[in-house]
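Q: Next comes the structure file coords_23.txt, holding compact mmCIF, C-alpha atoms.
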```txt
# COMPACT_ATOMS: atom_id res chain seq x y z
CA MET A 291 -9.11 33.31 -37.55
CA PHE A 292 -8.95 36.78 -39.10
CA VAL A 293 -11.02 37.39 -42.18
CA GLY A 294 -10.51 41.11 -42.50
CA ALA A 295 -12.17 43.45 -44.92
CA TRP A 296 -11.59 41.10 -47.90
CA PHE A 297 -14.88 39.35 -47.20
CA MET A 298 -16.73 42.44 -46.07
CA CYS A 299 -15.92 44.92 -48.81
CA LEU A 300 -19.01 46.65 -50.15
CA ALA A 301 -17.55 47.10 -53.64
CA GLY A 302 -17.09 44.26 -56.09
CA CYS A 303 -18.11 42.96 -59.49
CA GLY A 304 -20.88 40.47 -60.10
CA THR A 305 -20.25 37.10 -61.71
CA ALA A 306 -22.28 33.98 -62.35
CA ASP A 307 -21.01 32.67 -58.98
CA GLY A 308 -22.03 35.88 -57.18
CA PRO A 309 -20.22 39.10 -56.34
CA ARG A 310 -16.43 39.05 -56.40
CA ILE A 311 -13.93 41.42 -54.86
CA GLU A 312 -11.30 42.99 -57.06
CA GLN A 313 -7.82 41.80 -56.10
CA GLY A 314 -4.64 43.77 -56.50
CA PRO A 315 -1.69 42.59 -58.61
CA GLY A 316 -0.11 39.40 -57.28
CA GLU A 317 -2.74 38.76 -54.58
CA GLU A 318 -4.38 35.92 -56.50
CA GLN A 319 -1.60 33.59 -55.41
CA TYR A 320 -2.71 34.04 -51.79
CA LEU A 321 -6.48 34.52 -52.11
CA THR A 322 -8.85 32.26 -54.00
CA ARG A 323 -12.65 31.99 -54.18
CA VAL A 324 -13.04 35.39 -52.52
CA ARG A 325 -16.70 36.37 -52.15
CA GLN A 326 -18.47 39.55 -51.09
CA LEU A 327 -20.72 38.85 -48.09
CA THR A 328 -22.27 42.24 -47.34
CA SER A 329 -23.83 44.83 -49.58
CA PRO A 330 -25.70 48.13 -49.41
CA ALA A 331 -28.88 46.10 -50.10
CA MET A 332 -28.50 44.72 -46.55
CA GLY A 333 -28.95 48.25 -45.23
CA PHE A 334 -25.31 49.13 -44.51
CA GLU A 335 -23.46 52.34 -45.36
CA ARG A 336 -20.19 50.44 -44.84
CA ALA A 337 -18.99 47.24 -43.18
CA GLY A 338 -15.68 45.64 -42.25
CA GLU A 339 -13.41 43.81 -39.82
CA ALA A 340 -14.98 40.35 -39.81
CA TYR A 341 -14.03 37.22 -37.89
CA PHE A 342 -15.17 33.62 -38.39
CA SER A 343 -16.93 31.71 -35.62
CA PRO A 344 -14.99 28.68 -34.32
CA ASP A 345 -17.19 26.35 -36.42
CA GLY A 346 -16.65 28.47 -39.56
CA ARG A 347 -20.40 28.87 -40.18
CA ARG A 348 -20.83 32.51 -39.16
CA ILE A 349 -18.96 35.78 -39.16
CA ILE A 350 -19.16 38.66 -36.72
CA PHE A 351 -18.47 42.13 -38.07
CA GLN A 352 -19.01 45.83 -37.58
CA ALA A 353 -21.23 47.86 -39.90
CA VAL A 354 -22.83 51.29 -40.08
CA PRO A 355 -26.59 50.99 -40.70
CA ALA A 356 -27.98 53.21 -43.48
CA GLY A 357 -28.77 56.69 -42.22
CA ARG A 358 -26.69 56.27 -39.04
CA GLU A 359 -23.18 57.37 -38.16
CA GLY A 360 -21.87 54.79 -35.69
CA TYR A 361 -20.84 51.17 -36.14
CA GLN A 362 -22.93 48.37 -34.68
CA ILE A 363 -22.04 44.67 -34.35
CA TYR A 364 -23.71 42.04 -36.53
CA VAL A 365 -23.55 38.26 -36.93
CA LEU A 366 -24.10 36.76 -40.36
CA SER A 367 -24.78 33.08 -40.97
CA LEU A 368 -22.92 32.02 -44.10
CA GLY A 369 -25.84 29.72 -44.92
CA ASP A 370 -28.70 32.22 -45.11
CA ARG A 371 -26.61 35.44 -45.32
CA ARG A 372 -29.06 37.46 -43.22
CA PRO A 373 -27.32 39.84 -40.81
CA ARG A 374 -28.56 40.01 -37.22
CA ARG A 375 -27.56 42.92 -34.99
CA VAL A 376 -26.13 41.69 -31.69
CA SER A 377 -25.15 45.07 -30.20
CA THR A 378 -27.74 47.29 -28.48
CA GLY A 379 -28.13 49.79 -31.31
CA ARG A 380 -27.13 52.60 -28.94
CA GLY A 381 -23.75 54.29 -29.05
CA GLU A 382 -20.93 53.06 -31.25
CA CYS A 383 -19.23 49.67 -31.33
CA THR A 384 -16.07 48.19 -32.77
CA CYS A 385 -13.89 45.05 -32.79
CA ALA A 386 -16.12 42.08 -31.94
CA TYR A 387 -15.01 38.44 -32.14
CA PHE A 388 -16.17 34.93 -31.22
CA ARG A 389 -14.72 33.20 -28.18
CA PRO A 390 -13.33 29.71 -28.88
CA ASP A 391 -15.97 28.17 -26.60
```
Will you turn the file into structure tokens for me?
A:
Amino acid sequence: MFVGAWFMCLAGCGTADGPRIEQGPGEEQYLTRVRQLTSPAMGFERAGEAYFSPDGRRIIFQAVPAGREGYQIYVLSLGDRRPRRVSTGRGECTCAYFRPD
């Protein structure tokens, strides 16, 4: 299932329920309960292109660590929201996903 940058956007406004992502005109009919899952406080310059795990409990995404230039791959548990790098940290990475099995 594709999540896209909607869940990974680094910009958003805070609310009592947590950060929210600004939606464009008319999008609210398609997107509800949108939440920001990454932030600069996690140590990322930018992040995007996320995919859910088959069980829906984690996402895998690409992000640029603070002070670096290239993307690395991270997994984030939606329960504890602590990113864990799963790529080597060397070179640049893009487009990760979970296999169905």
Q: Pick out the residues sitting within 9 Å of stretch 361-368 of chain A, and hand them over as a PDB file with C-alpha atoms, in the coordinates of the input; count only C-alpha atoms, and ignore anything fewer than 5 positions along from it in its own chain.
A:
```
ATOM      1  CA  LEU A 327     -20.720  38.850 -48.090  1.00  0.00           C
ATOM      2  CA  ARG A 336     -20.190  50.440 -44.840  1.00  0.00           C
ATOM      3  CA  ALA A 337     -18.990  47.240 -43.180  1.00  0.00           C
ATOM      4  CA  GLY A 346     -16.650  28.470 -39.560  1.00  0.00           C
ATOM      5  CA  ARG A 347     -20.400  28.870 -40.180  1.00  0.00           C
ATOM      6  CA  ARG A 348     -20.830  32.510 -39.160  1.00  0.00           C
ATOM      7  CA  ILE A 349     -18.960  35.780 -39.160  1.00  0.00           C
ATOM      8  CA  ILE A 350     -19.160  38.660 -36.720  1.00  0.00           C
ATOM      9  CA  PHE A 351     -18.470  42.130 -38.070  1.00  0.00           C
ATOM     10  CA  GLN A 352     -19.010  45.830 -37.580  1.00  0.00           C
ATOM     11  CA  ALA A 353     -21.230  47.860 -39.900  1.00  0.00           C
ATOM     12  CA  VAL A 354     -22.830  51.290 -40.080  1.00  0.00           C
ATOM     13  CA  PRO A 355     -26.590  50.990 -40.700  1.00  0.00           C
ATOM     14  CA  PRO A 373     -27.320  39.840 -40.810  1.00  0.00           C
ATOM     15  CA  ARG A 374     -28.560  40.010 -37.220  1.00  0.00           C
ATOM     16  CA  ARG A 375     -27.560  42.920 -34.990  1.00  0.00           C
ATOM     17  CA  VAL A 376     -26.130  41.690 -31.690  1.00  0.00           C
ATOM     18  CA  SER A 377     -25.150  45.070 -30.200  1.00  0.00           C
ATOM     19  CA  THR A 378     -27.740  47.290 -28.480  1.00  0.00           C
ATOM     20  CA  GLY A 379     -28.130  49.790 -31.310  1.00  0.00           C
ATOM     21  CA  ARG A 380     -27.130  52.600 -28.940  1.00  0.00           C
ATOM     22  CA  GLY A 381     -23.750  54.290 -29.050  1.00  0.00           C
ATOM     23  CA  GLU A 382     -20.930  53.060 -31.250  1.00  0.00           C
ATOM     24  CA  CYS A 383     -19.230  49.670 -31.330  1.00  0.00           C
ATOM     25  CA  THR A 384     -16.070  48.190 -32.770  1.00  0.00           C
ATOM     26  CA  CYS A 385     -13.890  45.050 -32.790  1.00  0.00           C
ATOM     27  CA  ALA A 386     -16.120  42.080 -31.940  1.00  0.00           C
TER      28      ALA A 386
END
```
Q: When you count all atoms listed in the file, which of these residues is closest to A:Phe334: A:Glu317, A:Asp391, A:Glu359, A:Asp370?
A: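 Using all atoms listed in the file, A:Phe334 sits closest to A:Glu359.
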Q: For the atom pair atom CA of A:Glu318 and atom CA of A:Arg372, what is the interatomic distance in Å to one decimal place?
A: 28.1 Å
Q: Between atom CA of A:Phe388 and atom CA of A:Gly357, what is the distance, to one decimal in Å?
A: 27.4 Å
Q: Box for stretch 376-390 of chain A - axis-aligned, 5 Å on each of the six sides, all listed atoms - centre and size in Å to one decimal, as lines of an AutoDock Vina configuration file.
A:
```
center_x = -20.7
center_y = 42.0
center_z = -30.5
size_x = 24.8
size_y = 34.6
size_z = 14.6
```
Q: Mind giving me the straight-line distance from atom CA of A:Pro344 to atom CA of A:Tyr320 in Å, one decimal?
A: 22.0 Å
Q: With distances taken over all atoms listed in the file, which of A:Pro330, A:Pro390, A:Pro315, A:Gly360 is nearest to A:Phe342?
A: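 For A:Phe342, the nearest of the given residues is A:Pro390.
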Q: From the options A:Asp345, A:Ala356, A:Arg371, A:Glu335, which residue's atoms come nearest to A:Arg389, counting all atoms listed in the file?
A: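 Of the candidates, the smallest distance to A:Arg389 is held by A:Asp345.
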Q: Looking at only C-alpha atoms, which of A:Leu321, A:Thr328, A:Arg358, A:Gly316 is the one that sits closest to A:Ala340?
A: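 Closest residue, counting only C-alpha atoms: A:Thr328.
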Q: Find the residue from A:Gly369, A:Ala331, A:Tyr341, A:Gln319 that sits nearest to A:Tyr387; use all atoms listed in the file when measuring.
A: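 Closest residue, counting all atoms listed in the file: A:Tyr341.
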